[in-house]
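Note sheet for the following structure.
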Amino acid sequence: MTMSKTLIRGAKVLGGEPQDVLIDGETIEAVGAGLSADGARIVDAAGQILLPGLVDLHTHLREPGREDSETVLTGTRAAASGGYTSVFAMANTFPVADTAGVVEQVWRLGKEHGYCDVQPIGAVTVGLEGQKLAELGAMHDSAAGVTVFSDDGKCVHDAVIMRRALEYVKAFGGVVAQHAQEPRLTEGAQMNEGVVSAELGLGGWPAVAEESIIARDVLLAEHVGSRVHICHLSTAGSVEIVRWAKSRGIDVTAEVTPHHLLLTDELVRSYDPVYKVNPPLRTERDVMALREALADGTIDIVATDHAPHPHEDKDCEWAAAAMGMVGLETALSVVQETMVETGLLDWAGVADRMSFAPARIGRAEGHGRPVSAGEPANLTLVDPAYRGAVDPVGFASRSRNTPYEGRELPGRVTHTFLRGRATLMDGKLA
Ligand SMILES: [Zn+2]
């Protein structure tokens with residue numbers, strides 16, 4: 001039996017006082033104390049936090065081309081499990097999402113499966129090769145309505161191409177999301193360049209390889225009066241550059257991943273490739289600078305960089321292993337541990353960094369909206385008192401490459417609603 005009305009009873013909306021939220025069809029009908037159930041399905045949310053549905057600006061869904069690691073279906077199921085109602089799918093698929101045809105294919109698959117909205121990201125350059133600008137306008141004008149463009153996985157390293165891309169997206173209010181990695185400075189790089197890389201004898205990935213590109217790109221964005229977004233900031237120096245750029249009024253936004261808020265390069269001493277990621281895990285000092293920057297708004301959002309890999313691409317020696325970690329199903333717990341339980345952010349702040357702000361940057365219509373009457377019912381319920389060890393066997397993602405296996409993390413997403421429909425109910429996918 002499908003009921004069109006759901007009453008969420010006694011949830012702390014954005015961490016505030018307990019309230020009832022009545023959903024009718026696709027919309028929030030009322031928010032208040034002691035609302036009448038009136039035949040609605042009741043969700044008892046005592047002690048739980050109600051957030052706007054989470055929005056991930058940086059997800060790798062791997063379809064088309066690498067369906068052995070993830071598909072739009074399994075990736076969006078993982079997203080719903082993690083409390084997400086909208087994900088932006090990166091363009092480094094096979095074929096690359098550099099034409100209207102490929103972005104429309106991904107967009108259609110998202111619509112068919114319905115676990116969360118899928119907004120395709122278009123490549124900046126043809127084939128992610130960094131040589132020739134892709135058809136950004138055609139992707140924007142397509143049914144997928146692309147507004148975010150990125151060569152993520154690769155850096156748009158040519159300054160002239162980057163300048164042209166920034167000029168092009170300015171015309172329709174789009175944004176270029178840069179994977180900041182100077183290619184020559186990171187040839188053969190295997191981990192963060194520092195004390196640990198020297199001791200282990202692994203090729204170092206210097207902070208300046210990230211920072212020099214960010215410095216260049218905020219200056220380019222200022223020069224052409226356009227908007228630039230920096231993917232996965234990982235160093236204290238990157239934070240300083242973004243802080244300086246914002247103080248100058250440059251239109252720059254930035255993201256940090258959950259793993260860069262928690263893990264350090266000390267973990268590489270295990271030689272376990274589950275800790276191999278791009279950009280690499282940095283030092284404790286970097287982690288603390290990233291947390292502080294997320295708290296004070298220098299870093300605008302948390303984005304997962306969910307990067308599924310099949311077992312065989314990770315279960316090998318360090319140098320041969322693929323880079324990346326899955327993240328959709330653990331992101332909120334890591335943010336609770338690193339930001340909420342440390343007192344750096346309250347739940348309203350989490351709603352901003354994981355829903356309002358990413359929806360605004362990516363122009364995700366109907367997402368990142370206030371929890372109030374008349375708004376689309378895209379909602380996430382979290383039980384913050386839950387404590388449990390991460391067990392990847394229970395993941396909805398097709399891949400298991402999590403750095404948190406067996407680690408106890410706080411909080412658990414119990415319910416996710418996409419336009420009023422439960423995609424996750426009592427911790428189980430609908
Ligand atoms: Zn990247």
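Just so we're on the same page: first chain in the structure tokens is A, next is B, and so on; residues restart at 1 for each chain, and ligands are numbered from 1 in the order they show up.
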
Using only C-alpha atoms and all ligand atoms, find each residue with an atom at most 6 Å away from ligand 1 and format the answer as a list of chain:residue names.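 Every residue with an atom at most 6 Å from ligand 1 is listed here: A:Asp152, A:Gly153, A:His179.
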
Residues near Ala143 (chain A), cut-off 10 Å, only C-alpha atoms, skip fewer than 6 positions along chain, as a tab-separated table (two decimals) with N, CA, C and O atoms, in the first residue's frame:
chain	number	residue	atom	x	y	z
A	100	ALA	N	27.15	15.91	-25.60
A	100	ALA	CA	25.75	15.93	-25.13
A	100	ALA	C	25.22	14.50	-25.05
A	100	ALA	O	24.47	14.16	-24.12
A	101	GLY	N	25.62	13.62	-25.98
A	101	GLY	CA	25.13	12.25	-26.00
A	101	GLY	C	25.47	11.49	-24.73
A	101	GLY	O	24.61	10.83	-24.13
A	103	VAL	N	26.49	12.71	-21.69
A	103	VAL	CA	25.90	13.28	-20.46
A	103	VAL	C	24.39	12.97	-20.40
A	103	VAL	O	23.85	12.69	-19.33
A	104	GLU	N	23.74	12.95	-21.55
A	104	GLU	CA	22.30	12.61	-21.55
A	104	GLU	C	22.08	11.15	-21.19
A	104	GLU	O	21.11	10.82	-20.51
A	105	GLN	N	23.00	10.28	-21.59
A	105	GLN	CA	22.89	8.85	-21.22
A	105	GLN	C	22.95	8.70	-19.69
A	105	GLN	O	22.13	7.99	-19.10
A	107	TRP	N	22.40	10.97	-17.41
A	107	TRP	CA	21.24	11.67	-16.84
A	107	TRP	C	19.99	10.78	-16.93
A	107	TRP	O	19.25	10.64	-15.95
A	108	ARG	N	19.82	10.12	-18.07
A	108	ARG	CA	18.65	9.23	-18.25
A	108	ARG	C	18.70	8.03	-17.31
A	108	ARG	O	17.70	7.64	-16.74

For Gly394 (chain A), list every protein, DNA or RNA residue within 12 Å, evaluated using only C-alpha atoms, and leave out those in the same chain fewer than 2 positions away; present the list as a PDB file with all heavy atoms, in the first residue's frame.
ATOM      1  N   ARG A  77      22.208   3.905  -5.189  1.00  0.00           N
ATOM      2  CA  ARG A  77      21.762   3.179  -3.988  1.00  0.00           C
ATOM      3  C   ARG A  77      22.714   3.479  -2.817  1.00  0.00           C
ATOM      4  O   ARG A  77      22.271   3.684  -1.688  1.00  0.00           O
ATOM      5  CB  ARG A  77      21.699   1.667  -4.261  1.00  0.00           C
ATOM      6  CG  ARG A  77      20.473   1.260  -5.080  1.00  0.00           C
ATOM      7  CD  ARG A  77      20.555  -0.166  -5.599  1.00  0.00           C
ATOM      8  NE  ARG A  77      20.539  -1.180  -4.575  1.00  0.00           N
ATOM      9  CZ  ARG A  77      19.435  -1.802  -4.116  1.00  0.00           C
ATOM     10  NH1 ARG A  77      18.262  -1.508  -4.616  1.00  0.00           N
ATOM     11  NH2 ARG A  77      19.517  -2.708  -3.180  1.00  0.00           N
ATOM     12  N   ALA A  78      24.007   3.519  -3.115  1.00  0.00           N
ATOM     13  CA  ALA A  78      24.982   3.899  -2.082  1.00  0.00           C
ATOM     14  C   ALA A  78      24.715   5.326  -1.600  1.00  0.00           C
ATOM     15  O   ALA A  78      24.796   5.618  -0.410  1.00  0.00           O
ATOM     16  CB  ALA A  78      26.408   3.771  -2.624  1.00  0.00           C
ATOM     17  N   SER A  81      21.761   5.404   0.706  1.00  0.00           N
ATOM     18  CA  SER A  81      22.166   4.833   2.000  1.00  0.00           C
ATOM     19  C   SER A  81      22.921   5.854   2.843  1.00  0.00           C
ATOM     20  O   SER A  81      22.852   5.834   4.067  1.00  0.00           O
ATOM     21  CB  SER A  81      23.085   3.628   1.804  1.00  0.00           C
ATOM     22  OG  SER A  81      22.397   2.602   1.145  1.00  0.00           O
ATOM     23  N   GLU A 329      28.807   6.236   1.616  1.00  0.00           N
ATOM     24  CA  GLU A 329      28.073   5.617   2.723  1.00  0.00           C
ATOM     25  C   GLU A 329      28.676   5.922   4.095  1.00  0.00           C
ATOM     26  O   GLU A 329      28.110   5.518   5.112  1.00  0.00           O
ATOM     27  CB  GLU A 329      27.958   4.105   2.478  1.00  0.00           C
ATOM     28  CG  GLU A 329      27.084   3.840   1.255  1.00  0.00           C
ATOM     29  CD  GLU A 329      27.045   2.384   0.811  1.00  0.00           C
ATOM     30  OE1 GLU A 329      26.337   1.608   1.452  1.00  0.00           O
ATOM     31  OE2 GLU A 329      27.703   2.046  -0.204  1.00  0.00           O
ATOM     32  N   THR A 330      29.813   6.599   4.117  1.00  0.00           N
ATOM     33  CA  THR A 330      30.465   6.917   5.395  1.00  0.00           C
ATOM     34  C   THR A 330      30.681   8.421   5.592  1.00  0.00           C
ATOM     35  O   THR A 330      31.133   8.838   6.670  1.00  0.00           O
ATOM     36  CB  THR A 330      31.838   6.209   5.484  1.00  0.00           C
ATOM     37  OG1 THR A 330      32.556   6.456   4.259  1.00  0.00           O
ATOM     38  CG2 THR A 330      31.686   4.709   5.665  1.00  0.00           C
ATOM     39  N   ALA A 389      31.003  -0.236  14.089  1.00  0.00           N
ATOM     40  CA  ALA A 389      32.155  -0.434  13.221  1.00  0.00           C
ATOM     41  C   ALA A 389      31.688  -0.508  11.768  1.00  0.00           C
ATOM     42  O   ALA A 389      30.644  -1.086  11.479  1.00  0.00           O
ATOM     43  CB  ALA A 389      32.884  -1.718  13.600  1.00  0.00           C
ATOM     44  N   VAL A 390      32.471   0.093  10.872  1.00  0.00           N
ATOM     45  CA  VAL A 390      32.131   0.076   9.450  1.00  0.00           C
ATOM     46  C   VAL A 390      32.341  -1.333   8.895  1.00  0.00           C
ATOM     47  O   VAL A 390      33.413  -1.920   9.065  1.00  0.00           O
ATOM     48  CB  VAL A 390      33.001   1.089   8.669  1.00  0.00           C
ATOM     49  CG1 VAL A 390      32.737   0.991   7.166  1.00  0.00           C
ATOM     50  CG2 VAL A 390      32.749   2.501   9.181  1.00  0.00           C
ATOM     51  N   ASP A 391      31.291  -1.857   8.259  1.00  0.00           N
ATOM     52  CA  ASP A 391      31.371  -3.190   7.653  1.00  0.00           C
ATOM     53  C   ASP A 391      31.027  -3.082   6.174  1.00  0.00           C
ATOM     54  O   ASP A 391      29.867  -2.989   5.797  1.00  0.00           O
ATOM     55  CB  ASP A 391      30.398  -4.148   8.347  1.00  0.00           C
ATOM     56  CG  ASP A 391      30.462  -5.545   7.727  1.00  0.00           C
ATOM     57  OD1 ASP A 391      31.349  -5.779   6.876  1.00  0.00           O
ATOM     58  OD2 ASP A 391      29.621  -6.382   8.095  1.00  0.00           O
ATOM     59  N   PRO A 392      32.063  -3.084   5.319  1.00  0.00           N
ATOM     60  CA  PRO A 392      31.814  -2.873   3.884  1.00  0.00           C
ATOM     61  C   PRO A 392      30.951  -3.956   3.239  1.00  0.00           C
ATOM     62  O   PRO A 392      30.391  -3.726   2.167  1.00  0.00           O
ATOM     63  CB  PRO A 392      33.220  -2.840   3.261  1.00  0.00           C
ATOM     64  CG  PRO A 392      34.165  -3.251   4.322  1.00  0.00           C
ATOM     65  CD  PRO A 392      33.484  -3.181   5.649  1.00  0.00           C
ATOM     66  N   ALA A 396      25.968  -0.704  -0.185  1.00  0.00           N
ATOM     67  CA  ALA A 396      25.161  -0.787  -1.403  1.00  0.00           C
ATOM     68  C   ALA A 396      26.042  -0.587  -2.639  1.00  0.00           C
ATOM     69  O   ALA A 396      25.697  -1.024  -3.731  1.00  0.00           O
ATOM     70  CB  ALA A 396      24.055   0.256  -1.372  1.00  0.00           C
ATOM     71  N   SER A 397      27.174   0.079  -2.462  1.00  0.00           N
ATOM     72  CA  SER A 397      28.117   0.268  -3.566  1.00  0.00           C
ATOM     73  C   SER A 397      28.612  -1.091  -4.053  1.00  0.00           C
ATOM     74  O   SER A 397      28.694  -2.049  -3.280  1.00  0.00           O
ATOM     75  CB  SER A 397      29.317   1.097  -3.098  1.00  0.00           C
ATOM     76  OG  SER A 397      30.330   1.107  -4.084  1.00  0.00           O
ATOM     77  N   ARG A 398      28.949  -1.156  -5.340  1.00  0.00           N
ATOM     78  CA  ARG A 398      29.497  -2.404  -5.869  1.00  0.00           C
ATOM     79  C   ARG A 398      30.929  -2.623  -5.388  1.00  0.00           C
ATOM     80  O   ARG A 398      31.442  -3.736  -5.452  1.00  0.00           O
ATOM     81  CB  ARG A 398      29.430  -2.353  -7.398  1.00  0.00           C
ATOM     82  CG  ARG A 398      29.918  -3.596  -8.075  1.00  0.00           C
ATOM     83  CD  ARG A 398      29.427  -3.697  -9.502  1.00  0.00           C
ATOM     84  NE  ARG A 398      28.050  -4.158  -9.543  1.00  0.00           N
ATOM     85  CZ  ARG A 398      27.350  -4.365 -10.658  1.00  0.00           C
ATOM     86  NH1 ARG A 398      27.903  -4.125 -11.819  1.00  0.00           N
ATOM     87  NH2 ARG A 398      26.117  -4.788 -10.601  1.00  0.00           N
ATOM     88  N   SER A 399      31.584  -1.562  -4.922  1.00  0.00           N
ATOM     89  CA  SER A 399      32.988  -1.673  -4.495  1.00  0.00           C
ATOM     90  C   SER A 399      33.119  -1.550  -2.984  1.00  0.00           C
ATOM     91  O   SER A 399      32.229  -1.059  -2.303  1.00  0.00           O
ATOM     92  CB  SER A 399      33.843  -0.618  -5.201  1.00  0.00           C
ATOM     93  OG  SER A 399      33.951  -0.931  -6.573  1.00  0.00           O
ATOM     94  N   ARG A 400      34.238  -2.024  -2.468  1.00  0.00           N
ATOM     95  CA  ARG A 400      34.424  -2.132  -1.019  1.00  0.00           C
ATOM     96  C   ARG A 400      35.673  -1.391  -0.541  1.00  0.00           C
ATOM     97  O   ARG A 400      36.123  -1.625   0.579  1.00  0.00           O
ATOM     98  CB  ARG A 400      34.575  -3.624  -0.648  1.00  0.00           C
ATOM     99  CG  ARG A 400      33.430  -4.518  -1.062  1.00  0.00           C
ATOM    100  CD  ARG A 400      32.303  -4.458  -0.040  1.00  0.00           C
ATOM    101  NE  ARG A 400      31.167  -5.299  -0.397  1.00  0.00           N
ATOM    102  CZ  ARG A 400      30.140  -4.892  -1.143  1.00  0.00           C
ATOM    103  NH1 ARG A 400      30.117  -3.668  -1.642  1.00  0.00           N
ATOM    104  NH2 ARG A 400      29.145  -5.704  -1.395  1.00  0.00           N
ATOM    105  N   THR A 402      36.996   0.889   1.117  1.00  0.00           N
ATOM    106  CA  THR A 402      36.869   1.900   2.168  1.00  0.00           C
ATOM    107  C   THR A 402      38.063   1.843   3.110  1.00  0.00           C
ATOM    108  O   THR A 402      38.513   0.760   3.473  1.00  0.00           O
ATOM    109  CB  THR A 402      35.582   1.703   2.986  1.00  0.00           C
ATOM    110  OG1 THR A 402      35.584   2.656   4.072  1.00  0.00           O
ATOM    111  CG2 THR A 402      35.465   0.286   3.561  1.00  0.00           C
ATOM    112  N   GLU A 405      37.185   0.263   7.161  1.00  0.00           N
ATOM    113  CA  GLU A 405      36.729  -1.069   7.537  1.00  0.00           C
ATOM    114  C   GLU A 405      37.125  -1.389   8.980  1.00  0.00           C
ATOM    115  O   GLU A 405      38.293  -1.280   9.355  1.00  0.00           O
ATOM    116  CB  GLU A 405      37.320  -2.134   6.597  1.00  0.00           C
ATOM    117  CG  GLU A 405      36.822  -3.523   6.960  1.00  0.00           C
ATOM    118  CD  GLU A 405      37.183  -4.604   5.950  1.00  0.00           C
ATOM    119  OE1 GLU A 405      37.882  -4.307   4.955  1.00  0.00           O
ATOM    120  OE2 GLU A 405      36.754  -5.750   6.172  1.00  0.00           O
ATOM    121  N   GLY A 427      17.063   2.321   7.746  1.00  0.00           N
ATOM    122  CA  GLY A 427      18.391   1.851   7.362  1.00  0.00           C
ATOM    123  C   GLY A 427      18.402   0.866   6.209  1.00  0.00           C
ATOM    124  O   GLY A 427      19.473   0.369   5.839  1.00  0.00           O
ATOM    125  N   LYS A 428      17.241   0.580   5.643  1.00  0.00           N
ATOM    126  CA  LYS A 428      17.194  -0.365   4.515  1.00  0.00           C
ATOM    127  C   LYS A 428      16.725   0.344   3.248  1.00  0.00           C
ATOM    128  O   LYS A 428      15.783   1.153   3.290  1.00  0.00           O
ATOM    129  CB  LYS A 428      16.228  -1.505   4.830  1.00  0.00           C
ATOM    130  CG  LYS A 428      16.695  -2.389   5.965  1.00  0.00           C
ATOM    131  CD  LYS A 428      15.792  -3.618   6.099  1.00  0.00           C
ATOM    132  CE  LYS A 428      16.202  -4.466   7.306  1.00  0.00           C
ATOM    133  NZ  LYS A 428      15.943  -3.747   8.601  1.00  0.00           N
ATOM    134  N   LEU A 429      17.379   0.003   2.133  1.00  0.00           N
ATOM    135  CA  LEU A 429      16.979   0.602   0.859  1.00  0.00           C
ATOM    136  C   LEU A 429      15.578   0.188   0.489  1.00  0.00           C
ATOM    137  O   LEU A 429      15.192  -0.969   0.666  1.00  0.00           O
ATOM    138  CB  LEU A 429      17.956   0.181  -0.242  1.00  0.00           C
ATOM    139  CG  LEU A 429      19.315   0.875  -0.184  1.00  0.00           C
ATOM    140  CD1 LEU A 429      20.340   0.090  -0.993  1.00  0.00           C
ATOM    141  CD2 LEU A 429      19.213   2.310  -0.676  1.00  0.00           C
TER     142      LEU A 429
END

List every residue of region 134-320 of chain A that DSSP, applied to the backbone of this structure, places in strand (DSSP E), and write the result as JSON, numbers by chain. {"A": [148, 149, 175, 176, 177, 178, 191, 192, 204, 205, 228, 229, 230, 252, 253, 254, 255, 256, 301, 302]}

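Put simply, CA of Gln181 (chain A) is 28.5 Å away from CA of Glu337 (chain A).
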
Any chance you could list, as an MDAnalysis selection string, the residues in region 18-221 of chain A that come up helix (DSSP H, G or I) when DSSP is run on the backbone? chainID A and resid 72:81 100:113 126:128 136:141 159:170 184:186 195:200 207:221

Give me the residues within 8 Å of Thr6 (chain A) as an NGL selection string, counting only C-alpha atoms and dropping any in the same chain fewer than 2 places off. :A and (3-4 or 8 or 22-24 or 40-43 or 420)

Would you mind listing what lies within 8 Å of region 85-97 of chain A as a PyMOL selection string, with only C-alpha atoms counted and same-chain residues fewer than 2 positions away left out? chain A and resi 53-66+76+79-80+83+99-100+102-103+115-123+127-128+150-153+364+367+378-379+416-418

Using only C-alpha atoms, which protein or nucleic acid residues come within 7 Å of Pro52 (chain A)? Drop anything in the same chain fewer than 2 positions from it, and give the result as a PyMOL selection string. chain A and resi 50+54+351+355+368-371+378-380

With only C-alpha atoms as the atoms that count, which of A:Asn401, A:Gln131, A:Thr304, A:Ser372 lies nearest to Tyr84 (chain A)?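 Distance minimum relative to Tyr84 (chain A) lands on A:Thr304.
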
Using only C-alpha atoms, pick whichever of A:Leu290, A:Val208, A:Ala373, A:Val148 has the shortest atom-to-atom distance to Glu182 (chain A). A:Val208

For region 183-194 of chain A, work out the shell of residues within 6 Å, counting only C-alpha atoms and skipping chain neighbours fewer than 3 positions away, then give it as a VMD selection string. chain A and resid 197 203 to 206 209 280 282

For the selection you just gave me, I'd like the residues written to a file as a PDB file, in the first residue's frame, keeping C-alpha atoms.
ATOM      1  CA  SER A 197      57.612   9.384   1.862  1.00  0.00           C
ATOM      2  CA  GLY A 203      57.744   9.044  -4.844  1.00  0.00           C
ATOM      3  CA  GLY A 204      56.552  12.267  -3.222  1.00  0.00           C
ATOM      4  CA  TRP A 205      53.551  14.384  -4.225  1.00  0.00           C
ATOM      5  CA  PRO A 206      54.480  17.877  -3.088  1.00  0.00           C
ATOM      6  CA  ALA A 209      51.839  20.804  -7.046  1.00  0.00           C
ATOM      7  CA  PRO A 280      47.169  11.927  -1.260  1.00  0.00           C
ATOM      8  CA  ARG A 282      48.623  14.645   3.994  1.00  0.00           C
TER       9      ARG A 282
END

I need the residue nearest Val340 (chain A) from this list: A:Gly114, A:Pro310, A:Gly249, A:Gly15. Use only C-alpha atoms for the distance.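 Under the stated criterion, the closest residue is A:Gly15.
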
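Put simply, CA of Val146 (chain A) is 28.4 Å away from CA of Arg248 (chain A).
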